[in-house]
Amino acid sequence: MTQSGNKASAATGRCVMRDSCGKRGFFGKDLPCPYDGPPVEPGDSARELLVQVCGSEFAEGPTCCTTNQVETLRDNFNQVEGLISACPACRNNFRSFFCAFTCSPEQGSFVNITSTQTTSSDQIAVKSVDFYAEEQFGEGFYDSCKNVQVGTTNGYAMELIGGGAKNYREFFKFLGDEKPIGSPFQIDFPSTAPPELTPLNIAPRGCADNDLTSRCTCIDCPSICPALPPIAAPNTEPTCHVGAFSCLSFILVVGYALAVLGFLVGYLISTSIRKRRERTYERVALSEDTASPRIHTRGLVGQSSLSQYFDDDSLGTQSDSRHLGRGATLLDPIETVQPRQYPLNTFLRHGFYKLGLFAASSPWLTFCLVFVVVGLLNVGWQKFEIETDPVRLWVSPSSESKLQKEYFDENFGPFYRTEQIFVTATPTTEYGMNNVSLATSSNPVLTWDRLKYWFKVEEDIRSLRSPSGHRLSDVCFKPAGPRGACVVQSIAAWYGNDLDDYDEDTWAEHLDDCARSPVECLPDFQQPLAPHYVLGGVPSDDTGRRRYLDAEAFVITYVVSDSLDIDIQAKAMDWEQTLRTYLADLSRRSSEEAGLHIAYSTGVSLEEEINKSTNTDVKIVVLSYLAMFFYVSLTLGAGSVVRDEQGVFASLAQWARNFPGLFRRSSATSSSLSVDSRTIPHFFPRLPRSLFTGSKFTLGLFGIALVILSVSSSVGFFSLMRVKVTLIIAEVIPFLVLAVGVDNVFILVHELDRQNFLHGPNAATPASQGGFTTPMSPTSHHRSPHDSSIREDADSASMPQYLPAEERVARTLAKMGPSILLSTITETVAFSLGALVPMPAVRNFALYAAGSVLLNAILQVTVFISALLLDLKRYEASRIDCFPCIRLPSRIALLDGPVTGSGVGRIGRFIRRYYAPFLLNPLTKGVVMITFAGVFVASIISMQHIQLGLDQRLALPSDSYLVDYFDNLDAYLDIGPPVFFVSRNIDVTQRAGQQALCGRFTTCQDFSIANTLEAERKRPEASFISEPSASWIDDFLGWLDPGKEECCRVRKRDPTVFCGPRDNARLCQPCYLDKTPAWNITMEGLPENDEFMYYVKQWLVSPTTEECPLAGKASFGSALSLAADGTSVQASHFRTFHAPLKSQQDFVNAFAAAHRVADDISRRTGADVFPYSIFYVFFDQYAHVIAITQEVLGLGLASVLVVTALLLGSWRSGSIVTGVVGLTVLTVMGVMPLWGISLNAISLVNLVISLGIAVEFCAHVARAFMSAGSGLPIDHPAGQKERDERMWTALVDVGPSVLSGITFTKLIGMSVLALTRSKLLEIYYFRMWLTLIVSGALHGLVLLPVVLSLAGGSGFPQQEADEEWMSTAIRNDYDYAPFLADDDSLASD
């Protein structure tokens, strides 16, 4: 039936609807009757009710409504009162709108019935109407309500009363649509009214109006909010830029370019000046030669003469008789030349010589003494404990975030445990399973069949029973109390967990309606469920309207209660393990059964998967260790000194050539013929003896065993001191100590090989040594047992000086002990400084690393020296390695047979022949300096892009199901983690305290907690807050409003007794009814002191219902912490949500922003406010990690400077070593952002390791350089050549040991580590350690030699070299023989 043409209904003062004509069904709402007549004057009681509900404008005159209709209006208004009453403008516009529609005597001028229907009582009722309203009123009405917030849902009233409308037309449409919760008939709002009708034109109230019946507070009306001072987002503070470069980068690039240009110009100028000076110097030398016949024409032969010496691999060329004295010049007579001494150096050499002689002379006593001490240290293993709690690992006990977490847990209870499932459609082949497909593919997941399938899954989950008999209902979080419903956030909750009332044609419409208006589809736990909690990947159309039915994922979250009670925790974990098993099975079959992909996580998943990753990593780490063990053991014996003997391959080749001779008749039968035994055929190849006796496999294993023993002893000692072991210590310390310890093993073994070459049974003849004499012991002189065969008048320089094995071993330690001491002290001090870091994982690592390195060095200079002696005696007795009981028979050897071993392996020969001369070429030096300066500049520029954070996915195995879960979490969850702003030390029972917290009353502080949080929400780019905050103080005081008749109620007969939700309304009245002064938004008359606590306690136990959504039990039951005696509120929190956090940088910035907001609030209100979110405790480190990194590395470099300067005896050389170490670490940091390595506790540990390893690369080279000195002043004309020669010697002496002992060993270990499935090991160990090894090798073996050769300090000769040089000079009565001179020049003397 259509009434559009009825003239009477359009007349002024006429009604078109009045009274009720029944319901559509049994559970329906009353429908109005069509009525074409004049308005009717109501009775007194009806008038009173009408004025109470609709206001004073209906205090007189006829109306178009009956008492029943007014009562229905009142009930409907009460349903939304709790949502919009905080903003009077919205509340009064809402009431005016519907009161005019229902009761206005002018109803006929703006309402037109368009159709009718028959009710269940056979009456004609309205089915649809057109309601005409002016656009001005519609916009004003919408604007007054669009910002009204609902604290309990952290959302907006418009989402509940307007379906999230974006304009007034969408708002009106939602209000007018016929639905079970809403209008019982259809109300349409045409934009244009017919000529005979006049649209409703009421002046809308504005939230900023000064009228108290209209003005809203800042929270609900942004236009009246005080503006916060502008602030930049975290880590986006404005910085100086020149184009795309930061000012620092620009300055560095320009400075580098100028430096390179200056270097090239300076090089050309200095070259010309140097040539002119050398010509002058040569003329002076010639004149001196003419004047003094004692002075020979030989000058100091520097680096330019190295090329003449390539063919001689004998160590004899490195005679220690090469040192000039302090202040000596090449033109000075011998009487003025005195060796330069450094007392500390002399003391250390003597001390290590005595220690080595004792360990070598009494090896078994040394073993007993040292191993007794080691055994006592290992007793501490009884107290061994592993720390696995992430909080105790990565958070300092005094950390502010940790203390705040403990405070939160104690006062409000631990945060909930979450079990979360992401359900997506099985990807099609064109997309594949990767992060890109998750974010970009359009593959809707919602279909009727999948929905039915998932409802069965949820039913199965609800019925799951753990082995201990626990079900979901036993462990879930129930906001309404033990008898309430579980909080399960799922699309199934919109259907009441039952699809029986829906079919393939109706399910989609219902889901879309629920997504647009969650308040109409309340789940059983009675909290509106916004779509961003349960749907992900929702696309939008061209108008920005969300297409919920095309969502790519739906999300299910089970909220499980957590507790500090271990028994309650165990019950939850028991059920979670059952759920995890079920979901693992479901994920395997869901694709085939329903085309669904399941990604899930439970409360126990993360810890389980991290432990699984650790177990997987152990195999890779052990394999890496084994690879290094075998490399070390197999390469230690490369420098053994033996008489002329074929190698393994040569022996096999000779045997293959001779083998056919076994089958030919020999033509030589005379026994008198001389036959080379090597040409005689044999059935089995005659392998070289060195393969069996020269091997040092056992010695290598012993050295590695000492590494393990040092780590074990360190663990025992610190376990005794109650320092817990962490997984980082277990995985990293052996790597570290192996890197440091193996280097020392190689240095000692290689030096012993050189001593054997010079003083062993197979020592070279003087001719093979290049005519150089051999140094003598600093404490005693040992004569060869063959001295009887030597003529008394023979020159001692004409043959090698044989020394006993003990003496050779002692000399080895005397020479290399100070170098080991230098690196050990430097590394120990550097690692010990790491203990200053409050982070337990870093502090414990630093202690264990320092202890392990120190213990390993002690073992190496004691028991390893004894082992060296035993191995040396085994070798000289021709006993087989690994089987010393087996002794090979002696072979006939010619006394003058050539020595095939030179004490220098292949690496040493390469360095000697090619590398050192090339590196020390002046042009090469320039290129090296320019190159490394460029690396320095590039590293500084790159460092500016280092990110903070540690993605938890990296700690998981690459095939873990949690990786898929975290990918889905990033792609589909459109809500960030909750954040709580906790206030304490403020008295909320007093009005001042209440005003510092509240936001919905006119006398609240402008920058109260609630107001500030709302203001910060409006700038999410700086605050990372995206949702309105839940303000308990505002909801509590609003709960007392007598206008909300279903909220705070007391018995009429006894106002001291509160009414429950089931008490009859006729027996109860509002708590604040007839209070003087009355309840009002100025807060005057609201409760204080004991009255405040009296009502708060009742509010906290009042159930949150549709009739009273402001009650506190469900929404704020855990938001307040009351004193034990119930007389005060100790603490309370305001809940809101972060914006979606997709990256580690987002988490770091959100943490910083929340603390900035809390500090601002504390400063403005005087309250003690701090933020808390579940992830804060892990991200607290990033607030300090940069400062900690600077502190640890700065102190470490300072310790390196002090120790190296003192032990090297030169501040100049110490500064150079420290600078190169710093550049090594800087290069590692520069590579970090390029290789995806973030700065966190793990990478900080690795940077500390970088410092220690860099010292290892540099210390031995620097020590060898300083020990090869002749004492020439820095500005001496020949000083440059002398430094080149010292560096040449240093590189040949220790370069092979550094390369073999640390570089190659670690590279082999790293190559095995590349096989790991753990991203954590790959990124933070393989990548970072590979960078460290390469950087350390390049800086220690390329840059350091160049810089030392250019600017290194004056050296100190070895003591025994000084003595020999002096005696030789006096005996031969001529001046200093040229260092590194060629053979011809030596022979000419």
# chains A, B, ... in the order shown; residues from 1 in each chain; ligands from 1

call {"tool": "select_by_dssp", "arguments": {"residues": "segment 432-542 of chain A", "states": "strand (DSSP E)", "output": "ChimeraX atom specification"}}
result
/A:488-489,535-536

call {"tool": "write_last_selection", "arguments": {"atoms": "N, CA and C atoms", "output": "compact mmCIF listing (two decimals), in the first residue's frame"}}
result
# COMPACT_ATOMS: atom_id res chain seq x y z
N VAL A 488 36.88 -16.00 22.35
CA VAL A 488 37.36 -16.62 21.11
C VAL A 488 37.02 -15.65 19.99
N GLN A 489 38.03 -15.04 19.42
CA GLN A 489 37.82 -14.07 18.35
C GLN A 489 37.85 -14.81 17.02
N LEU A 535 39.37 -10.75 10.26
CA LEU A 535 39.53 -10.83 8.81
C LEU A 535 40.82 -10.12 8.41
N GLY A 536 41.51 -10.68 7.45
CA GLY A 536 42.76 -10.08 6.99
C GLY A 536 42.81 -10.03 5.48

call {"tool": "closest_atom_pairs", "arguments": {"of": "segment 821-901 of chain A", "to": "segment 366-389 of chain A", "cutoff": "10 Å", "atoms": "only C-alpha atoms", "output": "JSON lines"}}
result
{"residue": "A:Pro840", "atom": "CA", "partner": "A:Glu387", "partner_atom": "CA", "distance": 9.7}
{"residue": "A:Ala841", "atom": "CA", "partner": "A:Glu387", "partner_atom": "CA", "distance": 9.0}
{"residue": "A:Leu855", "atom": "CA", "partner": "A:Val374", "partner_atom": "CA", "distance": 9.1}
{"residue": "A:Ile858", "atom": "CA", "partner": "A:Val370", "partner_atom": "CA", "distance": 9.2}
{"residue": "A:Leu859", "atom": "CA", "partner": "A:Val370", "partner_atom": "CA", "distance": 7.6}
{"residue": "A:Thr862", "atom": "CA", "partner": "A:Thr366", "partner_atom": "CA", "distance": 6.8}
{"residue": "A:Val863", "atom": "CA", "partner": "A:Phe367", "partner_atom": "CA", "distance": 5.7}
{"residue": "A:Phe864", "atom": "CA", "partner": "A:Phe367", "partner_atom": "CA", "distance": 9.1}
{"residue": "A:Ile865", "atom": "CA", "partner": "A:Thr366", "partner_atom": "CA", "distance": 9.4}
{"residue": "A:Ser866", "atom": "CA", "partner": "A:Thr366", "partner_atom": "CA", "distance": 7.2}
{"residue": "A:Ala867", "atom": "CA", "partner": "A:Phe367", "partner_atom": "CA", "distance": 9.0}

call {"tool": "write_last_selection", "arguments": {"atoms": "C-alpha atoms", "output": "mmCIF file, in the first residue's frame"}}
result
data_model
loop_
_atom_site.group_PDB
_atom_site.id
_atom_site.type_symbol
_atom_site.label_atom_id
_atom_site.label_comp_id
_atom_site.auth_asym_id
_atom_site.auth_seq_id
_atom_site.Cartn_x
_atom_site.Cartn_y
_atom_site.Cartn_z
ATOM 1 C CA PRO A 840 73.040 -10.905 31.127
ATOM 2 C CA ALA A 841 73.684 -12.677 27.809
ATOM 3 C CA LEU A 855 93.092 -20.190 30.687
ATOM 4 C CA ILE A 858 98.153 -20.421 30.376
ATOM 5 C CA LEU A 859 97.742 -24.002 29.195
ATOM 6 C CA THR A 862 102.840 -24.685 30.138
ATOM 7 C CA VAL A 863 101.489 -28.096 29.213
ATOM 8 C CA PHE A 864 101.552 -27.463 25.466
ATOM 9 C CA ILE A 865 105.237 -26.599 25.742
ATOM 10 C CA SER A 866 105.748 -29.918 27.517
ATOM 11 C CA ALA A 867 103.809 -31.635 24.749
#

call {"tool": "select_by_dssp", "arguments": {"residues": "segment 869-1074 of chain A", "states": "alpha helix (DSSP H)", "output": "compact mmCIF listing (two decimals) with N, CA and C atoms, in the first residue's frame"}}
result
# COMPACT_ATOMS: atom_id res chain seq x y z
N LEU A 869 107.83 -30.66 23.59
CA LEU A 869 109.08 -31.36 23.86
C LEU A 869 108.94 -32.86 23.61
N LEU A 870 107.84 -33.43 24.12
CA LEU A 870 107.64 -34.87 23.95
C LEU A 870 107.48 -35.21 22.47
N ASP A 871 106.74 -34.37 21.73
CA ASP A 871 106.55 -34.64 20.31
C ASP A 871 107.86 -34.49 19.55
N LEU A 872 108.69 -33.53 19.96
CA LEU A 872 109.97 -33.32 19.30
C LEU A 872 110.88 -34.53 19.51
N LYS A 873 110.90 -35.05 20.74
CA LYS A 873 111.73 -36.22 21.01
C LYS A 873 111.20 -37.44 20.26
N ARG A 874 109.89 -37.56 20.16
CA ARG A 874 109.31 -38.65 19.37
C ARG A 874 109.77 -38.56 17.92
N TYR A 875 109.73 -37.37 17.39
CA TYR A 875 110.11 -37.18 15.99
C TYR A 875 111.59 -37.50 15.78
N GLU A 876 112.44 -37.02 16.66
CA GLU A 876 113.87 -37.24 16.49
C GLU A 876 114.26 -38.69 16.75
N ARG A 906 104.91 -23.80 2.59
CA ARG A 906 104.58 -23.19 1.29
C ARG A 906 104.10 -21.75 1.45
N ILE A 907 103.26 -21.53 2.48
CA ILE A 907 102.76 -20.17 2.70
C ILE A 907 103.91 -19.23 3.01
N GLY A 908 104.85 -19.72 3.86
CA GLY A 908 105.99 -18.88 4.20
C GLY A 908 106.83 -18.54 2.99
N ARG A 909 107.04 -19.54 2.13
CA ARG A 909 107.84 -19.28 0.93
C ARG A 909 107.14 -18.29 0.01
N PHE A 910 105.82 -18.42 -0.08
CA PHE A 910 105.07 -17.46 -0.91
C PHE A 910 105.21 -16.04 -0.36
N ALA A 916 105.61 -10.33 0.51
CA ALA A 916 106.24 -9.25 1.28
C ALA A 916 106.93 -8.23 0.37
N PRO A 917 107.74 -8.66 -0.61
CA PRO A 917 108.35 -7.64 -1.49
C PRO A 917 107.31 -6.82 -2.24
N PHE A 918 106.25 -7.49 -2.69
CA PHE A 918 105.21 -6.74 -3.41
C PHE A 918 104.51 -5.74 -2.51
N LEU A 919 104.16 -6.17 -1.27
CA LEU A 919 103.42 -5.29 -0.36
C LEU A 919 104.27 -4.09 0.05
N PRO A 922 106.84 0.80 -2.65
CA PRO A 922 106.24 2.12 -2.37
C PRO A 922 104.92 2.36 -3.09
N LEU A 923 104.83 1.96 -4.35
CA LEU A 923 103.59 2.17 -5.08
C LEU A 923 102.46 1.33 -4.49
N THR A 924 102.78 0.09 -4.12
CA THR A 924 101.76 -0.77 -3.49
C THR A 924 101.28 -0.16 -2.18
N LYS A 925 102.20 0.39 -1.41
CA LYS A 925 101.81 1.04 -0.16
C LYS A 925 100.80 2.15 -0.40
N GLY A 926 101.07 2.95 -1.41
CA GLY A 926 100.15 4.04 -1.71
C GLY A 926 98.78 3.53 -2.07
N VAL A 927 98.74 2.50 -2.92
CA VAL A 927 97.45 1.93 -3.32
C VAL A 927 96.72 1.36 -2.11
N VAL A 928 97.46 0.67 -1.23
CA VAL A 928 96.86 0.10 -0.02
C VAL A 928 96.27 1.19 0.86
N MET A 929 97.00 2.25 1.09
CA MET A 929 96.51 3.33 1.94
C MET A 929 95.26 3.97 1.34
N ILE A 930 95.29 4.21 0.02
CA ILE A 930 94.12 4.81 -0.64
C ILE A 930 92.92 3.86 -0.54
N THR A 931 93.17 2.58 -0.80
CA THR A 931 92.07 1.60 -0.78
C THR A 931 91.44 1.51 0.60
N PHE A 932 92.25 1.37 1.62
CA PHE A 932 91.69 1.22 2.96
C PHE A 932 91.08 2.51 3.47
N ALA A 933 91.59 3.64 3.02
CA ALA A 933 90.92 4.90 3.36
C ALA A 933 89.53 4.92 2.75
N GLY A 934 89.40 4.41 1.51
CA GLY A 934 88.09 4.31 0.89
C GLY A 934 87.18 3.35 1.63
N VAL A 935 87.74 2.22 2.10
CA VAL A 935 86.95 1.28 2.90
C VAL A 935 86.47 1.94 4.17
N PHE A 936 87.33 2.75 4.79
CA PHE A 936 86.95 3.47 6.01
C PHE A 936 85.78 4.41 5.74
N VAL A 937 85.88 5.19 4.68
CA VAL A 937 84.81 6.15 4.34
C VAL A 937 83.52 5.39 4.02
N ALA A 938 83.63 4.33 3.22
CA ALA A 938 82.43 3.56 2.86
C ALA A 938 81.80 2.93 4.10
N SER A 939 82.62 2.47 5.04
CA SER A 939 82.08 1.85 6.26
C SER A 939 81.33 2.87 7.10
N ILE A 940 81.89 4.07 7.23
CA ILE A 940 81.21 5.13 8.00
C ILE A 940 79.87 5.46 7.36
N ILE A 941 79.85 5.56 6.05
CA ILE A 941 78.59 5.87 5.35
C ILE A 941 77.60 4.74 5.54
N SER A 942 78.05 3.51 5.38
CA SER A 942 77.17 2.35 5.50
C SER A 942 76.65 2.17 6.92
N MET A 943 77.48 2.47 7.91
CA MET A 943 77.08 2.30 9.32
C MET A 943 75.83 3.10 9.67
N TYR A 961 57.07 -24.42 11.24
CA TYR A 961 55.74 -23.94 10.91
C TYR A 961 55.51 -22.52 11.42
N LEU A 962 56.32 -22.07 12.37
CA LEU A 962 56.15 -20.71 12.89
C LEU A 962 56.61 -19.65 11.90
N VAL A 963 57.51 -20.02 10.99
CA VAL A 963 57.93 -19.05 9.97
C VAL A 963 56.73 -18.67 9.12
N ASP A 964 55.94 -19.67 8.73
CA ASP A 964 54.72 -19.41 7.96
C ASP A 964 53.73 -18.58 8.78
N TYR A 965 53.65 -18.88 10.06
CA TYR A 965 52.74 -18.12 10.93
C TYR A 965 53.13 -16.65 10.99
N PHE A 966 54.42 -16.37 11.20
CA PHE A 966 54.86 -14.97 11.30
C PHE A 966 54.70 -14.25 9.96
N ASP A 967 54.87 -14.97 8.85
CA ASP A 967 54.62 -14.36 7.55
C ASP A 967 53.15 -13.94 7.43
N ASN A 968 52.25 -14.82 7.83
CA ASN A 968 50.83 -14.50 7.80
C ASN A 968 50.47 -13.39 8.77
N LEU A 969 51.13 -13.39 9.92
CA LEU A 969 50.89 -12.34 10.91
C LEU A 969 51.20 -10.97 10.32
N ASP A 970 52.33 -10.86 9.63
CA ASP A 970 52.70 -9.59 9.01
C ASP A 970 51.74 -9.21 7.89
N ALA A 971 51.28 -10.21 7.15
CA ALA A 971 50.50 -9.92 5.96
C ALA A 971 49.04 -9.61 6.27
N TYR A 972 48.47 -10.25 7.28
CA TYR A 972 47.02 -10.23 7.43
C TYR A 972 46.47 -9.58 8.69
N ARG A 991 39.68 14.58 44.05
CA ARG A 991 39.25 15.17 42.80
C ARG A 991 40.43 15.50 41.89
N ALA A 992 41.54 15.99 42.46
CA ALA A 992 42.70 16.35 41.64
C ALA A 992 43.26 15.11 40.94
N GLY A 993 43.29 14.00 41.65
CA GLY A 993 43.77 12.77 41.04
C GLY A 993 42.85 12.28 39.93
N GLN A 994 41.55 12.41 40.16
CA GLN A 994 40.59 12.01 39.13
C GLN A 994 40.72 12.87 37.88
N GLN A 995 40.92 14.17 38.10
CA GLN A 995 41.03 15.08 36.96
C GLN A 995 42.34 14.88 36.19
N ALA A 996 43.37 14.31 36.83
CA ALA A 996 44.62 14.02 36.14
C ALA A 996 44.47 12.78 35.25
N LEU A 997 43.42 11.99 35.48
CA LEU A 997 43.23 10.76 34.71
C LEU A 997 42.13 10.89 33.67
N ILE A 1009 45.74 11.99 31.43
CA ILE A 1009 46.17 10.76 30.75
C ILE A 1009 45.25 10.45 29.58
N ALA A 1010 43.93 10.49 29.82
CA ALA A 1010 42.98 10.16 28.76
C ALA A 1010 43.06 11.16 27.60
N ASN A 1011 43.15 12.44 27.93
CA ASN A 1011 43.21 13.45 26.87
C ASN A 1011 44.51 13.37 26.07
N THR A 1012 45.61 13.12 26.76
CA THR A 1012 46.89 13.03 26.06
C THR A 1012 46.92 11.82 25.14
N LEU A 1013 46.41 10.70 25.62
CA LEU A 1013 46.40 9.50 24.78
C LEU A 1013 45.53 9.72 23.54
N GLU A 1014 44.44 10.44 23.71
CA GLU A 1014 43.58 10.73 22.56
C GLU A 1014 44.30 11.66 21.58
N ALA A 1015 45.00 12.65 22.12
CA ALA A 1015 45.72 13.57 21.24
C ALA A 1015 46.85 12.84 20.52
N GLU A 1016 47.52 11.92 21.21
CA GLU A 1016 48.59 11.16 20.56
C GLU A 1016 48.03 10.21 19.51
N ARG A 1017 46.83 9.71 19.73
CA ARG A 1017 46.22 8.82 18.74
C ARG A 1017 46.01 9.52 17.41
N PRO A 1020 49.41 9.11 14.72
CA PRO A 1020 49.97 7.76 14.87
C PRO A 1020 51.37 7.61 14.29
N GLU A 1021 51.74 8.48 13.34
CA GLU A 1021 53.08 8.35 12.78
C GLU A 1021 54.15 8.67 13.80
N ALA A 1022 53.77 9.45 14.84
CA ALA A 1022 54.73 9.79 15.89
C ALA A 1022 54.51 8.98 17.16
N SER A 1023 53.28 8.57 17.41
CA SER A 1023 52.97 7.88 18.67
C SER A 1023 52.81 6.38 18.51
N TRP A 1032 39.18 3.80 32.34
CA TRP A 1032 38.34 3.22 33.39
C TRP A 1032 37.67 4.29 34.23
N ILE A 1033 38.39 5.40 34.47
CA ILE A 1033 37.82 6.44 35.34
C ILE A 1033 36.59 7.07 34.70
N ASP A 1034 36.61 7.25 33.37
CA ASP A 1034 35.46 7.84 32.69
C ASP A 1034 34.29 6.88 32.65
N ASP A 1035 34.55 5.62 32.38
CA ASP A 1035 33.46 4.64 32.37
C ASP A 1035 32.88 4.43 33.76
N PHE A 1036 33.74 4.46 34.77
CA PHE A 1036 33.22 4.29 36.14
C PHE A 1036 32.32 5.45 36.54
N LEU A 1037 32.79 6.67 36.31
CA LEU A 1037 31.96 7.82 36.68
C LEU A 1037 30.71 7.90 35.80
N GLY A 1038 30.83 7.46 34.52
CA GLY A 1038 29.65 7.40 33.67
C GLY A 1038 28.67 6.34 34.14
N TRP A 1039 29.17 5.28 34.71
CA TRP A 1039 28.31 4.21 35.26
C TRP A 1039 27.41 4.72 36.38

call {"tool": "residues_around", "arguments": {"residues": "Leu1350 of chain A", "least_positions_apart": "3", "cutoff": "8 Å", "atoms": "only C-alpha atoms", "output": "number ranges by chain"}}
result
A: 1280, 1283-1284, 1346-1347

call {"tool": "closest_residue", "arguments": {"among": "A:Glu1107, A:Asp542, A:Asp987, A:Asp574", "to": "Ala1167 of chain A", "atoms": "only C-alpha atoms"}}
result
A:Asp987

call {"tool": "atom_distance", "arguments": {"atom1": "atom CA of Ser1143 of chain A", "atom2": "atom CA of Gln404 of chain A"}}
result
24.1 Å

call {"tool": "residues_around", "arguments": {"residues": "Ser399 of chain A", "least_positions_apart": "3", "cutoff": "9 Å", "atoms": "only C-alpha atoms", "output": "list in words"}}
result
Val395, Ser396, Lys402, Leu403, Gln404, Pro838, Met839, Val1177, Asp1180 and Gln1181 of chain A

call {"tool": "write_last_selection", "arguments": {"atoms": "all heavy atoms", "output": "compact mmCIF listing (two decimals), in the first residue's frame"}}
result
# COMPACT_ATOMS: atom_id res chain seq x y z
N VAL A 395 67.53 -9.27 29.12
CA VAL A 395 67.10 -8.08 29.84
C VAL A 395 67.86 -7.99 31.15
O VAL A 395 67.93 -8.95 31.91
CB VAL A 395 65.58 -8.13 30.11
CG1 VAL A 395 65.13 -6.83 30.76
CG2 VAL A 395 64.81 -8.38 28.82
N SER A 396 68.42 -6.85 31.37
CA SER A 396 69.16 -6.63 32.61
C SER A 396 68.24 -6.74 33.82
O SER A 396 67.09 -6.30 33.77
CB SER A 396 69.81 -5.24 32.58
OG SER A 396 70.25 -4.87 33.86
N LYS A 402 62.00 -4.48 32.57
CA LYS A 402 61.82 -5.72 33.33
C LYS A 402 61.13 -5.42 34.66
O LYS A 402 60.20 -6.14 35.08
CB LYS A 402 63.16 -6.39 33.58
CG LYS A 402 63.04 -7.75 34.29
CD LYS A 402 64.41 -8.40 34.39
CE LYS A 402 64.28 -9.82 34.94
NZ LYS A 402 63.81 -9.85 36.33
N LEU A 403 61.55 -4.38 35.32
CA LEU A 403 60.90 -4.01 36.59
C LEU A 403 59.44 -3.62 36.36
O LEU A 403 58.56 -3.95 37.17
CB LEU A 403 61.67 -2.86 37.24
CG LEU A 403 63.12 -3.16 37.63
CD1 LEU A 403 63.79 -1.91 38.19
CD2 LEU A 403 63.18 -4.28 38.65
N GLN A 404 59.19 -2.94 35.26
CA GLN A 404 57.81 -2.55 34.95
C GLN A 404 56.96 -3.76 34.60
O GLN A 404 55.78 -3.83 34.99
CB GLN A 404 57.82 -1.54 33.80
CG GLN A 404 58.39 -0.19 34.20
CD GLN A 404 58.65 0.72 33.02
OE1 GLN A 404 58.54 0.30 31.86
NE2 GLN A 404 59.00 1.97 33.29
N PRO A 838 75.03 -4.42 31.17
CA PRO A 838 74.07 -5.01 32.11
C PRO A 838 73.27 -6.17 31.53
O PRO A 838 72.65 -6.92 32.28
CB PRO A 838 73.15 -3.82 32.46
CG PRO A 838 73.24 -2.92 31.26
CD PRO A 838 74.65 -3.06 30.75
N MET A 839 73.28 -6.34 30.22
CA MET A 839 72.51 -7.41 29.60
C MET A 839 73.14 -8.76 29.96
O MET A 839 74.31 -9.02 29.64
CB MET A 839 72.50 -7.21 28.09
CG MET A 839 71.41 -7.93 27.35
SD MET A 839 71.55 -7.56 25.58
CE MET A 839 71.42 -5.77 25.60
N VAL A 1177 59.71 -5.73 26.99
CA VAL A 1177 60.82 -6.23 27.78
C VAL A 1177 61.95 -6.72 26.88
O VAL A 1177 63.13 -6.65 27.25
CB VAL A 1177 60.33 -7.34 28.73
CG1 VAL A 1177 59.98 -8.60 27.97
CG2 VAL A 1177 61.37 -7.63 29.80
N ASP A 1180 63.68 -3.46 25.15
CA ASP A 1180 64.32 -2.49 26.03
C ASP A 1180 65.79 -2.33 25.67
O ASP A 1180 66.36 -1.25 25.79
CB ASP A 1180 64.17 -2.93 27.49
CG ASP A 1180 64.84 -1.99 28.45
OD1 ASP A 1180 64.24 -0.96 28.78
OD2 ASP A 1180 65.98 -2.27 28.87
N GLN A 1181 66.40 -3.43 25.21
CA GLN A 1181 67.83 -3.37 24.88
C GLN A 1181 68.13 -2.33 23.81
O GLN A 1181 69.22 -1.74 23.79
CB GLN A 1181 68.31 -4.74 24.41
CG GLN A 1181 67.58 -5.28 23.20
CD GLN A 1181 68.14 -6.61 22.72
OE1 GLN A 1181 69.26 -6.67 22.25
NE2 GLN A 1181 67.34 -7.66 22.84

call {"tool": "closest_residue", "arguments": {"among": "A:Thr116, A:Ser710, A:Asn345, A:Ser20", "to": "Phe1356 of chain A", "atoms": "only C-alpha atoms"}}
result
A:Asn345

call {"tool": "atom_distance", "arguments": {"atom1": "atom CA of Asn658 of chain A", "atom2": "atom CA of Ile680 of chain A"}}
result
6.5 Å
